[in-house]
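Trainee: If it helps, the file is called work30.tsv and holds TSV, C-alpha atoms and all ligand atoms:
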chain	number	residue	atom	x	y	z
A	209	MET	CA	0.00	0.00	0.00
A	210	ALA	CA	1.59	3.27	-1.12
A	211	LYS	CA	1.59	5.79	1.71
A	212	TYR	CA	1.33	8.74	-0.66
A	213	PRO	CA	-0.25	9.03	-4.09
A	214	GLU	CA	1.91	9.31	-7.19
A	215	LEU	CA	2.28	12.93	-8.24
A	216	SER	CA	0.49	13.69	-11.49
A	217	TRP	CA	-0.91	16.84	-13.07
A	218	SER	CA	-4.08	17.67	-14.98
A	219	ILE	CA	-6.07	20.77	-15.83
A	220	ALA	CA	-8.74	19.54	-13.37
A	221	ARG	CA	-6.16	19.27	-10.59
A	222	HIS	CA	-4.91	22.77	-11.33
A	223	LYS	CA	-8.48	24.14	-11.28
A	224	THR	CA	-9.18	22.44	-7.94
A	225	LEU	CA	-6.13	24.08	-6.37
A	226	MET	CA	-7.20	27.45	-7.78
A	227	THR	CA	-10.69	26.98	-6.28
A	228	CYS	CA	-9.65	26.01	-2.75
A	229	ALA	CA	-6.40	24.61	-1.35
A	230	ARG	CA	-8.28	22.66	1.34
A	231	LYS	CA	-10.46	21.04	-1.29
A	232	TYR	CA	-7.32	20.19	-3.23
A	233	ALA	CA	-5.84	18.51	-0.11
A	234	TYR	CA	-8.98	16.44	0.47
A	235	HIS	CA	-9.32	15.43	-3.15
A	236	TYR	CA	-5.70	14.59	-3.98
A	237	TYR	CA	-4.19	13.57	-0.63
A	238	THR	CA	-6.57	12.84	2.27
A	239	SER	CA	-8.76	10.53	0.15
A	240	HIS	CA	-5.74	8.44	-0.86
A	241	ASN	CA	-6.30	4.75	0.01
A	242	GLY	CA	-9.87	5.60	1.12
A	243	TRP	CA	-11.13	2.74	-1.05
A	244	LEU	CA	-9.50	0.21	1.31
A	245	SER	CA	-11.63	-1.36	4.03
A	246	ASP	CA	-8.87	-1.59	6.66
A	247	ILE	CA	-7.98	2.10	6.74
A	248	ASP	CA	-8.85	5.04	9.03
A	249	SER	CA	-12.29	6.56	8.72
A	250	LEU	CA	-11.07	10.00	7.45
A	251	PRO	CA	-9.58	8.70	4.16
A	252	GLN	CA	-12.70	6.56	3.70
A	253	GLN	CA	-15.04	9.47	4.31
A	254	THR	CA	-13.03	11.81	2.08
A	255	TYR	CA	-12.88	9.25	-0.73
A	256	ARG	CA	-16.66	8.79	-0.49
A	257	LEU	CA	-17.28	12.54	-0.62
A	258	LYS	CA	-14.91	12.90	-3.56
A	259	LYS	CA	-17.14	10.53	-5.52
A	260	ILE	CA	-20.26	12.72	-5.15
A	261	THR	CA	-21.46	14.23	-8.40
A	262	ASN	CA	-24.27	16.63	-9.26
A	263	LEU	CA	-27.09	16.53	-11.75
A	264	GLU	CA	-25.38	18.65	-14.43
A	265	MET	CA	-22.11	16.75	-14.16
A	266	HIS	CA	-23.84	13.40	-14.23
A	267	PHE	CA	-25.88	14.48	-17.22
A	268	GLY	CA	-22.68	15.60	-19.01
A	269	SER	CA	-21.03	12.28	-18.28
A	270	MET	CA	-24.05	10.32	-19.59
A	271	VAL	CA	-24.05	12.41	-22.79
A	272	HIS	CA	-20.33	11.68	-23.28
A	273	ASP	CA	-20.94	7.95	-22.74
A	274	ALA	CA	-23.89	7.93	-25.16
A	275	ILE	CA	-21.86	9.66	-27.87
A	276	GLU	CA	-18.85	7.42	-27.34
A	277	LYS	CA	-21.02	4.32	-27.68
A	278	ALA	CA	-22.78	5.71	-30.76
A	279	VAL	CA	-19.47	6.55	-32.47
A	280	ASP	CA	-17.96	3.13	-31.66
A	281	HIS	CA	-21.07	1.30	-32.82
A	282	TYR	CA	-21.22	3.22	-36.07
A	283	ARG	CA	-17.55	2.61	-36.84
A	284	LYS	CA	-17.99	-1.13	-36.23
A	285	THR	CA	-21.38	-1.73	-37.90
A	286	ALA	CA	-22.08	1.31	-40.13
A	287	GLU	CA	-25.45	1.55	-38.38
A	288	LEU	CA	-26.51	5.15	-37.85
A	289	PRO	CA	-27.01	6.22	-34.23
A	290	ASP	CA	-30.63	6.34	-33.15
A	291	GLU	CA	-31.54	9.55	-31.32
A	292	GLU	CA	-34.32	7.94	-29.28
A	293	LYS	CA	-32.04	5.10	-28.15
A	294	MET	CA	-29.40	7.60	-27.10
A	295	LYS	CA	-32.02	9.55	-25.14
A	296	ASP	CA	-33.20	6.37	-23.43
A	297	PHE	CA	-29.64	5.51	-22.47
A	298	ILE	CA	-29.12	8.95	-20.90
A	299	ARG	CA	-32.52	8.90	-19.15
A	300	HIS	CA	-31.75	5.47	-17.76
A	301	GLY	CA	-28.43	6.72	-16.35
A	302	LEU	CA	-30.16	9.69	-14.74
A	303	ASN	CA	-32.88	7.48	-13.25
A	304	LEU	CA	-30.27	5.14	-11.79
A	305	ALA	CA	-28.53	8.11	-10.18
A	306	TYR	CA	-31.85	9.14	-8.62
A	307	ARG	CA	-32.55	5.66	-7.35
A	308	ASP	CA	-29.06	5.29	-5.86
A	309	SER	CA	-29.16	8.72	-4.22
A	310	TYR	CA	-32.60	8.34	-2.67
A	311	LYS	CA	-32.84	4.63	-1.99
A	312	ARG	CA	-29.36	3.14	-1.86
A	313	GLU	CA	-27.46	5.53	0.33
A	314	PHE	CA	-26.09	2.70	2.44
A	315	ALA	CA	-24.87	0.76	-0.62
A	316	TRP	CA	-23.18	3.95	-1.87
A	317	TRP	CA	-21.74	4.55	1.59
A	318	ARG	CA	-20.08	1.13	1.49
A	319	ARG	CA	-19.09	1.11	-2.20
A	320	PRO	CA	-19.05	4.70	-3.45
A	321	LYS	CA	-17.38	3.74	-6.71
A	322	ASP	CA	-20.25	1.47	-7.76
A	323	TYR	CA	-23.20	3.73	-6.92
A	324	THR	CA	-24.05	7.35	-7.59
A	325	MET	CA	-24.77	10.03	-5.03
A	326	LEU	CA	-26.07	13.39	-6.17
A	327	HIS	CA	-24.85	16.46	-4.33
A	328	GLU	CA	-28.35	17.92	-4.44
A	329	VAL	CA	-29.71	14.93	-2.49
A	330	TYR	CA	-26.78	14.45	-0.13
A	331	TYR	CA	-26.61	18.06	1.01
A	332	GLY	CA	-30.06	19.33	0.13
A	333	ASP	CA	-32.35	16.28	0.41
A	334	THR	CA	-33.93	16.81	-2.98
A	335	VAL	CA	-33.24	17.85	-6.57
A	336	PRO	CA	-35.01	21.16	-7.27
A	337	GLU	CA	-37.79	20.97	-9.91
A	338	GLU	CA	-36.23	23.75	-12.00
A	339	LYS	CA	-33.02	21.74	-12.31
A	340	ILE	CA	-34.96	18.73	-13.56
A	341	ASP	CA	-36.76	20.90	-16.15
A	342	LYS	CA	-33.42	22.34	-17.26
A	343	ILE	CA	-31.95	18.87	-17.78
A	344	LYS	CA	-35.02	17.73	-19.75
A	345	PHE	CA	-34.59	20.70	-22.07
A	346	ARG	CA	-30.85	20.03	-22.38
A	347	LEU	CA	-31.41	16.39	-23.28
A	348	ASP	CA	-33.35	17.35	-26.42
A	349	THR	CA	-30.99	20.17	-27.31
A	350	VAL	CA	-27.60	18.46	-26.97
A	351	LEU	CA	-28.54	15.43	-29.06
A	352	LYS	CA	-30.07	17.57	-31.80
A	353	ASN	CA	-26.83	19.59	-31.88
A	354	PHE	CA	-24.70	16.44	-31.86
A	355	PHE	CA	-26.42	15.20	-35.04
A	356	ALA	CA	-25.95	18.62	-36.67
A	357	SER	CA	-22.27	18.92	-35.70
A	358	PRO	CA	-19.34	18.91	-38.19
A	359	THR	CA	-17.79	16.06	-36.18
A	360	PHE	CA	-20.86	13.89	-36.74
A	361	ARG	CA	-20.72	14.68	-40.47
A	362	ASP	CA	-17.06	13.63	-40.55
A	363	MET	CA	-17.89	10.50	-38.62
A	364	LEU	CA	-20.27	9.41	-41.39
A	365	ASN	CA	-17.46	9.71	-43.90
A	366	MET	CA	-15.62	6.53	-42.98
A	367	ASP	CA	-13.52	6.45	-46.15
A	368	LYS	CA	-12.00	9.81	-45.40
A	369	THR	CA	-11.50	9.62	-41.66
A	370	ASP	CA	-9.60	7.39	-39.29
A	371	PHE	CA	-10.92	7.52	-35.72
A	372	ILE	CA	-8.06	6.92	-33.38
A	373	GLU	CA	-9.28	7.10	-29.85
A	374	SER	CA	-12.03	8.32	-27.65
A	375	GLU	CA	-12.47	8.95	-23.94
A	376	LYS	CA	-9.35	7.04	-23.01
A	377	PHE	CA	-7.14	8.12	-20.17
A	378	ARG	CA	-3.76	8.90	-21.66
A	379	TYR	CA	-0.80	10.72	-20.32
A	380	LEU	CA	2.42	12.29	-21.38
A	381	ARG	CA	5.37	13.21	-19.24
A	382	ILE	CA	6.46	16.80	-18.88
A	383	ASP	CA	9.62	17.36	-16.82
A	384	GLY	CA	9.19	13.79	-15.52
A	385	VAL	CA	5.65	14.40	-14.22
A	386	LYS	CA	2.72	12.38	-15.52
A	387	VAL	CA	0.22	14.75	-17.17
A	388	TRP	CA	-3.24	13.30	-17.73
A	389	VAL	CA	-5.02	13.86	-21.01
A	390	VAL	CA	-8.60	12.67	-21.53
A	391	MET	CA	-9.58	13.36	-25.10
A	392	ASP	CA	-13.19	12.88	-26.13
A	393	LEU	CA	-12.23	12.07	-29.70
A	394	LEU	CA	-9.23	12.16	-32.01
A	395	TYR	CA	-9.40	11.45	-35.71
A	396	TYR	CA	-7.32	11.88	-38.81
A	397	HIS	CA	-8.83	13.35	-41.97
A	398	PHE	CA	-7.20	11.90	-45.11
A	399	ASP	CA	-8.27	14.68	-47.52
A	400	THR	CA	-6.99	17.57	-45.44
A	401	GLY	CA	-4.16	15.68	-43.71
A	402	LYS	CA	-5.31	17.12	-40.36
A	403	TRP	CA	-5.44	15.54	-36.92
A	404	ILE	CA	-8.67	16.70	-35.30
A	405	ILE	CA	-9.08	16.75	-31.53
A	406	VAL	CA	-12.69	17.09	-30.41
A	407	ASP	CA	-14.05	18.02	-27.01
A	408	TRP	CA	-17.81	17.72	-26.47
A	409	LYS	CA	-19.08	20.37	-24.09
A	410	THR	CA	-22.44	20.17	-22.37
A	411	GLY	CA	-21.85	23.32	-20.29
A	412	LYS	CA	-21.16	26.95	-21.11
A	413	GLN	CA	-18.09	28.20	-22.97
A	414	ALA	CA	-15.13	29.06	-20.71
A	415	ASP	CA	-11.78	30.80	-21.22
A	416	GLU	CA	-9.74	27.77	-20.23
A	417	ASP	CA	-11.31	25.48	-22.87
A	418	ARG	CA	-8.59	26.47	-25.32
A	419	ASN	CA	-5.79	25.69	-22.82
A	420	GLN	CA	-7.25	22.28	-22.23
A	421	LEU	CA	-7.23	21.52	-25.94
A	422	ALA	CA	-3.71	22.92	-26.30
A	423	LEU	CA	-2.60	20.32	-23.76
A	424	TYR	CA	-4.24	17.62	-25.84
A	425	ALA	CA	-2.38	18.95	-28.88
A	426	LEU	CA	0.91	18.61	-26.99
A	427	TYR	CA	0.02	14.96	-26.37
A	428	VAL	CA	-0.89	14.33	-30.02
A	429	LYS	CA	2.33	15.99	-31.16
A	430	HIS	CA	4.36	13.75	-28.81
A	431	THR	CA	2.52	10.55	-29.65
A	432	PHE	CA	1.57	10.50	-33.33
A	433	PRO	CA	3.52	11.19	-36.54
A	434	VAL	CA	2.43	14.81	-36.79
A	435	GLU	CA	4.73	16.78	-39.07
A	436	SER	CA	3.73	20.28	-38.12
A	437	LEU	CA	1.50	22.06	-35.64
A	438	ASP	CA	-0.47	23.31	-38.63
A	439	ASP	CA	-1.68	19.72	-39.08
A	440	ILE	CA	-3.54	19.77	-35.76
A	441	VAL	CA	-7.01	21.26	-35.46
A	442	ILE	CA	-8.58	21.61	-32.05
A	443	ARG	CA	-12.34	21.78	-31.90
A	444	ASN	CA	-14.83	22.44	-29.13
A	445	GLU	CA	-18.35	21.25	-29.91
A	446	TYR	CA	-20.69	23.22	-27.62
A	447	LEU	CA	-23.70	20.95	-27.64
A	448	LEU	CA	-25.88	23.28	-25.61
A	449	ASP	CA	-25.83	26.23	-27.99
A	450	GLY	CA	-24.87	24.27	-31.12
A	451	GLU	CA	-21.69	26.28	-31.71
A	452	THR	CA	-18.45	24.81	-33.00
A	453	GLN	CA	-15.19	26.56	-32.19
A	454	GLU	CA	-12.09	25.52	-34.10
A	455	TYR	CA	-8.61	26.73	-33.36
A	456	GLN	CA	-5.39	26.50	-35.24
A	457	LEU	CA	-2.65	26.41	-32.65
A	458	SER	CA	0.55	28.36	-32.56
A	459	GLU	CA	3.79	27.50	-30.75
A	460	GLN	CA	2.79	30.31	-28.40
A	461	ASP	CA	-0.34	28.36	-27.34
A	462	LEU	CA	1.81	25.38	-26.49
A	463	SER	CA	4.30	27.44	-24.50
A	464	GLN	CA	1.41	29.06	-22.68
A	465	VAL	CA	0.07	25.72	-21.53
A	466	GLN	CA	3.61	24.64	-20.63
A	467	ASN	CA	3.92	27.83	-18.51
A	468	ILE	CA	0.62	27.12	-16.77
A	469	PHE	CA	1.88	23.64	-16.00
A	470	GLU	CA	5.20	24.90	-14.60
A	471	ARG	CA	3.66	27.63	-12.43
A	472	SER	CA	0.95	25.30	-11.22
A	473	LEU	CA	3.44	22.57	-10.33
A	474	GLN	CA	5.56	25.05	-8.38
A	475	GLU	CA	2.50	26.04	-6.38
A	476	MET	CA	1.62	22.38	-5.75
A	477	GLU	CA	5.16	21.77	-4.50
A	478	GLN	CA	4.70	24.49	-1.89
A	479	TYR	CA	2.10	22.27	-0.26
A	480	MET	CA	4.44	19.29	-0.04
A	481	GLU	CA	6.61	18.35	2.85
A	482	ASP	CA	8.63	16.01	0.65
A	483	THR	CA	8.55	16.56	-3.11
A	484	GLU	CA	10.27	13.23	-3.86
A	485	GLU	CA	7.57	11.28	-2.09
A	486	ASN	CA	4.70	13.66	-2.86
A	487	ALA	CA	4.06	13.84	0.88
A	488	PRO	CA	1.69	16.69	1.74
A	489	LYS	CA	2.08	19.21	4.54
A	490	PRO	CA	-0.42	18.94	7.43
A	491	LEU	CA	-4.02	19.71	6.47
A	492	ALA	CA	-3.97	23.02	8.39
A	493	SER	CA	-1.39	24.33	5.87
A	494	PHE	CA	-4.01	24.23	3.10
A	495	PRO	CA	-6.11	27.40	3.48
A	496	MET	CA	-9.88	27.20	3.29
A	497	GLN	CA	-11.98	29.08	0.79
A	498	GLN	CA	-13.66	32.14	2.36
A	499	ASN	CA	-16.46	32.48	-0.14
A	500	LEU	CA	-19.36	30.45	1.21
A	501	ARG	CA	-21.07	30.37	-2.17
A	502	ILE	CA	-18.15	28.32	-3.46
A	503	CYS	CA	-18.30	26.08	-0.37
A	504	ALA	CA	-22.03	25.50	-0.97
A	505	SER	CA	-21.27	23.56	-4.14
A	506	CYS	CA	-18.29	21.66	-2.68
A	507	ASN	CA	-18.39	17.93	-1.94
A	508	PHE	CA	-16.34	18.27	1.24
A	509	GLN	CA	-18.45	20.76	3.17
A	510	GLU	CA	-19.34	18.26	5.92
A	511	LEU	CA	-15.62	18.12	6.76
A	512	CYS	CA	-15.26	21.90	6.93
A	513	PHE	CA	-18.45	22.96	8.73
A	514	SER	CA	-19.48	21.67	12.12
A	515	ASP	CA	-23.19	21.72	11.18
A	516	GLY	CA	-22.52	19.28	8.34
A	517	ASN	CA	-23.08	21.78	5.55
A	518	VAL	CA	-22.75	25.50	4.72
B	1	LIG	S1	-16.21	23.42	1.85
B	1	LIG	FE1	-15.21	25.30	1.24
B	1	LIG	S2	-13.37	25.42	2.50
B	1	LIG	FE2	-14.13	23.32	2.60
B	1	LIG	S3	-12.98	22.26	1.03
B	1	LIG	FE3	-14.88	22.92	0.13
B	1	LIG	S4	-14.48	24.90	-0.84
B	1	LIG	FE4	-12.81	24.45	0.57
Please go through the file and, once you have read it, give me the structure as structure tokens.
Mentor:
Amino acid sequence: MAKYPELSWSIARHKTLMTCARKYAYHYYTSHNGWLSDIDSLPQQTYRLKKITNLEMHFGSMVHDAIEKAVDHYRKTAELPDEEKMKDFIRHGLNLAYRDSYKREFAWWRRPKDYTMLHEVYYGDTVPEEKIDKIKFRLDTVLKNFFASPTFRDMLNMDKTDFIESEKFRYLRIDGVKVWVVMDLLYYHFDTGKWIIVDWKTGKQADEDRNQLALYALYVKHTFPVESLDDIVIRNEYLLDGETQEYQLSEQDLSQVQNIFERSLQEMEQYMEDTEENAPKPLASFPMQQNLRICASCNFQELCFSDGNV
């Protein structure tokens, strides 16, 4: 049993540290080994809380799964995806999450990896009606926009495209540190000679979306026979508003993401007692977020507030 987790870096890890250092400590250190049955209760509790999701996130993850399955199935059988079947798959996933959260809390408590707990239920007892209406609307919208997307059109063109990977956890090493890259889709287009990296988004557009894709481009450049950066296209498919954003990267984009990585890693190292072992400083060294609105959406609030929540 490793006493400390292996040090790795990801955009998500960086964003967690930027949100709250205490949250970062819980998520990346305290929860380590919390999946084991013969371990202290704090790592177990922290690991369980880390696994909580919320309705929007769970919906986004079901949409990603539905698209991944549809793409794989089409590439293997040439059968077109069926919108109603995809909707049923997503609805089923959402219903399971409801059932687990309301009726299987104990099962989740014992095996948090195998069951789903919604933040809205855990900390608020119920999912607000307006959230449910919003998700119903999104379900229709995102699938309609998926079928209208340029990526879907390319997917139909099997003779001209080679789909390389989807939703797989990959990593590259930068300065010896493992950097996680989870690409939704990567394909090569024979006519244009371009490598196209696609990220499906079920939320709103954000400034850091481009940085995330630039990191993926670094991975593609390291891993595949890409001759020039001009041969890589990065594309965000915003399924909620039906917009497609494509970027051609410059070397400057790649150095920017490299800079973010370096600065972020330096900051992470400040919270370590031993950088070789990735041993963290005591929990009290990780300051807490002062903005209670941010705490209200955090999974770890029962550890930070004596009343159990904000
Ligand atoms: S509840 Fe607030 S202070 Fe505690 S970990 Fe979460 S964001 Fe940080």
Trainee: Any residue with an atom at most 8 Å from ligand LIG 1 (chain B) counts, using all atoms listed in the file. Which are they? Put them as a PDB file with C-alpha atoms, keeping the file's coordinate frame.
Mentor:
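Below you can see pocket.pdb, which holds the result:
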ATOM      1  CA  THR A 227     -10.690  26.980  -6.280  1.00  0.00           C
ATOM      2  CA  CYS A 228      -9.650  26.010  -2.750  1.00  0.00           C
ATOM      3  CA  ALA A 229      -6.400  24.610  -1.350  1.00  0.00           C
ATOM      4  CA  ARG A 230      -8.280  22.660   1.340  1.00  0.00           C
ATOM      5  CA  LYS A 231     -10.460  21.040  -1.290  1.00  0.00           C
ATOM      6  CA  TYR A 232      -7.320  20.190  -3.230  1.00  0.00           C
ATOM      7  CA  TYR A 234      -8.980  16.440   0.470  1.00  0.00           C
ATOM      8  CA  PRO A 495      -6.110  27.400   3.480  1.00  0.00           C
ATOM      9  CA  MET A 496      -9.880  27.200   3.290  1.00  0.00           C
ATOM     10  CA  GLN A 497     -11.980  29.080   0.790  1.00  0.00           C
ATOM     11  CA  GLN A 498     -13.660  32.140   2.360  1.00  0.00           C
ATOM     12  CA  ASN A 499     -16.460  32.480  -0.140  1.00  0.00           C
ATOM     13  CA  LEU A 500     -19.360  30.450   1.210  1.00  0.00           C
ATOM     14  CA  ILE A 502     -18.150  28.320  -3.460  1.00  0.00           C
ATOM     15  CA  CYS A 503     -18.300  26.080  -0.370  1.00  0.00           C
ATOM     16  CA  ALA A 504     -22.030  25.500  -0.970  1.00  0.00           C
ATOM     17  CA  SER A 505     -21.270  23.560  -4.140  1.00  0.00           C
ATOM     18  CA  CYS A 506     -18.290  21.660  -2.680  1.00  0.00           C
ATOM     19  CA  ASN A 507     -18.390  17.930  -1.940  1.00  0.00           C
ATOM     20  CA  PHE A 508     -16.340  18.270   1.240  1.00  0.00           C
ATOM     21  CA  GLN A 509     -18.450  20.760   3.170  1.00  0.00           C
ATOM     22  CA  GLU A 510     -19.340  18.260   5.920  1.00  0.00           C
ATOM     23  CA  LEU A 511     -15.620  18.120   6.760  1.00  0.00           C
ATOM     24  CA  CYS A 512     -15.260  21.900   6.930  1.00  0.00           C
ATOM     25  CA  PHE A 513     -18.450  22.960   8.730  1.00  0.00           C
ATOM     26  CA  ASN A 517     -23.080  21.780   5.550  1.00  0.00           C
ATOM     27  CA  VAL A 518     -22.750  25.500   4.720  1.00  0.00           C
TER      28      VAL A 518
END
Trainee: My list of candidates is A:Val271, A:Leu364, A:Val441, A:Leu457. Which is closest to Ala286 of chain A when distances are computed with only C-alpha atoms?
Mentor: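 Going through A:Val271, A:Leu364, A:Val441, A:Leu457 one by one, the smallest distance to Ala286 of chain A is for A:Leu364.
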Trainee: Just checking: using all atoms listed in the file, which residue out of A:Asn303, A:Asn241, A:Thr224, A:Gln466 ends up closest to Met209 of chain A?
Mentor: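 Checking each of A:Asn303, A:Asn241, A:Thr224, A:Gln466 against Met209 of chain A, counting all atoms listed in the file, the winner is A:Asn241.
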Trainee: So what do you get for atom CA of Gln253 of chain A versus atom CA of Ile219 of chain A, distance-wise?
Mentor: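 Going from atom CA of Gln253 of chain A over to atom CA of Ile219 of chain A, I get 24.8 Å.
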Trainee: To one decimal place in Å, what is the distance between atom CA of His397 of chain A and atom CA of Pro358 of chain A?
Mentor: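 Separation between atom CA of His397 of chain A and atom CA of Pro358 of chain A: 12.5 Å.
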Trainee: Padding 4 Å on each side, edges along x, y and z: where is the centre of the box around the listed atoms of segment 247-263 of chain A, and how long are its edges in Å to one decimal? Output it as AutoDock Vina command-line options.
Mentor:
--center_x -17.5 --center_y 9.4 --center_z -1.4 --size_x 27.1 --size_y 22.5 --size_z 28.8
Trainee: Measuring between all atoms listed in the file, which one of A:Leu326, A:Val465, A:Met480, A:Val387 shows the shortest distance to Gln420 of chain A?
Mentor: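 Residue with the minimum atom-to-atom distance to Gln420 of chain A: A:Val465.
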Trainee: Please compute the atom CA of Thr431 of chain A-atom CA of Leu393 of chain A distance, one decimal, in Å.
Mentor: 14.8 Å
Trainee: Neighbouring residues of Lys344 of chain A were defined as those with any atom within 12 Å, considering only C-alpha atoms; residues of the same chain fewer than 3 positions away were excluded. Please report them as a PyMOL selection string.
Mentor: chain A and resi 263-264+267+295+298-299+302+337-341+347-351
Trainee: Output segment 466-483 of chain A as an mmCIF file, in the frame of the given file, making sure N, CA and C atoms are there.
Mentor:
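Result file follows (part-v8.cif):
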data_model
loop_
_atom_site.group_PDB
_atom_site.id
_atom_site.type_symbol
_atom_site.label_atom_id
_atom_site.label_comp_id
_atom_site.auth_asym_id
_atom_site.auth_seq_id
_atom_site.Cartn_x
_atom_site.Cartn_y
_atom_site.Cartn_z
ATOM 1 N N GLN A 466 2.413 25.119 -21.343
ATOM 2 C CA GLN A 466 3.610 24.640 -20.630
ATOM 3 C C GLN A 466 3.893 25.562 -19.426
ATOM 4 N N ASN A 467 3.707 26.876 -19.621
ATOM 5 C CA ASN A 467 3.920 27.830 -18.510
ATOM 6 C C ASN A 467 2.909 27.601 -17.397
ATOM 7 N N ILE A 468 1.649 27.381 -17.787
ATOM 8 C CA ILE A 468 0.620 27.120 -16.770
ATOM 9 C C ILE A 468 1.018 25.891 -15.957
ATOM 10 N N PHE A 469 1.462 24.867 -16.668
ATOM 11 C CA PHE A 469 1.880 23.640 -16.000
ATOM 12 C C PHE A 469 3.022 23.932 -15.011
ATOM 13 N N GLU A 470 4.026 24.669 -15.457
ATOM 14 C CA GLU A 470 5.200 24.900 -14.600
ATOM 15 C C GLU A 470 4.836 25.715 -13.358
ATOM 16 N N ARG A 471 4.043 26.785 -13.575
ATOM 17 C CA ARG A 471 3.660 27.630 -12.430
ATOM 18 C C ARG A 471 2.792 26.846 -11.450
ATOM 19 N N SER A 472 1.875 26.076 -12.036
ATOM 20 C CA SER A 472 0.950 25.300 -11.220
ATOM 21 C C SER A 472 1.705 24.254 -10.391
ATOM 22 N N LEU A 473 2.667 23.601 -11.031
ATOM 23 C CA LEU A 473 3.440 22.570 -10.330
ATOM 24 C C LEU A 473 4.250 23.194 -9.183
ATOM 25 N N GLN A 474 4.802 24.381 -9.447
ATOM 26 C CA GLN A 474 5.560 25.050 -8.380
ATOM 27 C C GLN A 474 4.649 25.316 -7.178
ATOM 28 N N GLU A 475 3.431 25.756 -7.475
ATOM 29 C CA GLU A 475 2.500 26.040 -6.380
ATOM 30 C C GLU A 475 2.149 24.741 -5.634
ATOM 31 N N MET A 476 1.936 23.669 -6.399
ATOM 32 C CA MET A 476 1.620 22.380 -5.750
ATOM 33 C C MET A 476 2.765 21.943 -4.838
ATOM 34 N N GLU A 477 4.001 22.191 -5.294
ATOM 35 C CA GLU A 477 5.160 21.770 -4.500
ATOM 36 C C GLU A 477 5.245 22.526 -3.170
ATOM 37 N N GLN A 478 4.685 23.735 -3.148
ATOM 38 C CA GLN A 478 4.700 24.490 -1.890
ATOM 39 C C GLN A 478 3.868 23.823 -0.803
ATOM 40 N N TYR A 479 2.953 22.970 -1.235
ATOM 41 C CA TYR A 479 2.100 22.270 -0.260
ATOM 42 C C TYR A 479 2.638 20.884 0.099
ATOM 43 N N MET A 480 3.873 20.621 -0.346
ATOM 44 C CA MET A 480 4.440 19.290 -0.040
ATOM 45 C C MET A 480 5.527 19.416 1.015
ATOM 46 N N GLU A 481 5.529 18.417 1.877
ATOM 47 C CA GLU A 481 6.610 18.350 2.850
ATOM 48 C C GLU A 481 7.828 17.722 2.190
ATOM 49 N N ASP A 482 7.564 16.739 1.333
ATOM 50 C CA ASP A 482 8.630 16.010 0.650
ATOM 51 C C ASP A 482 8.233 15.860 -0.817
ATOM 52 N N THR A 483 8.945 16.568 -1.691
ATOM 53 C CA THR A 483 8.550 16.560 -3.110
ATOM 54 C C THR A 483 8.887 15.228 -3.792
#
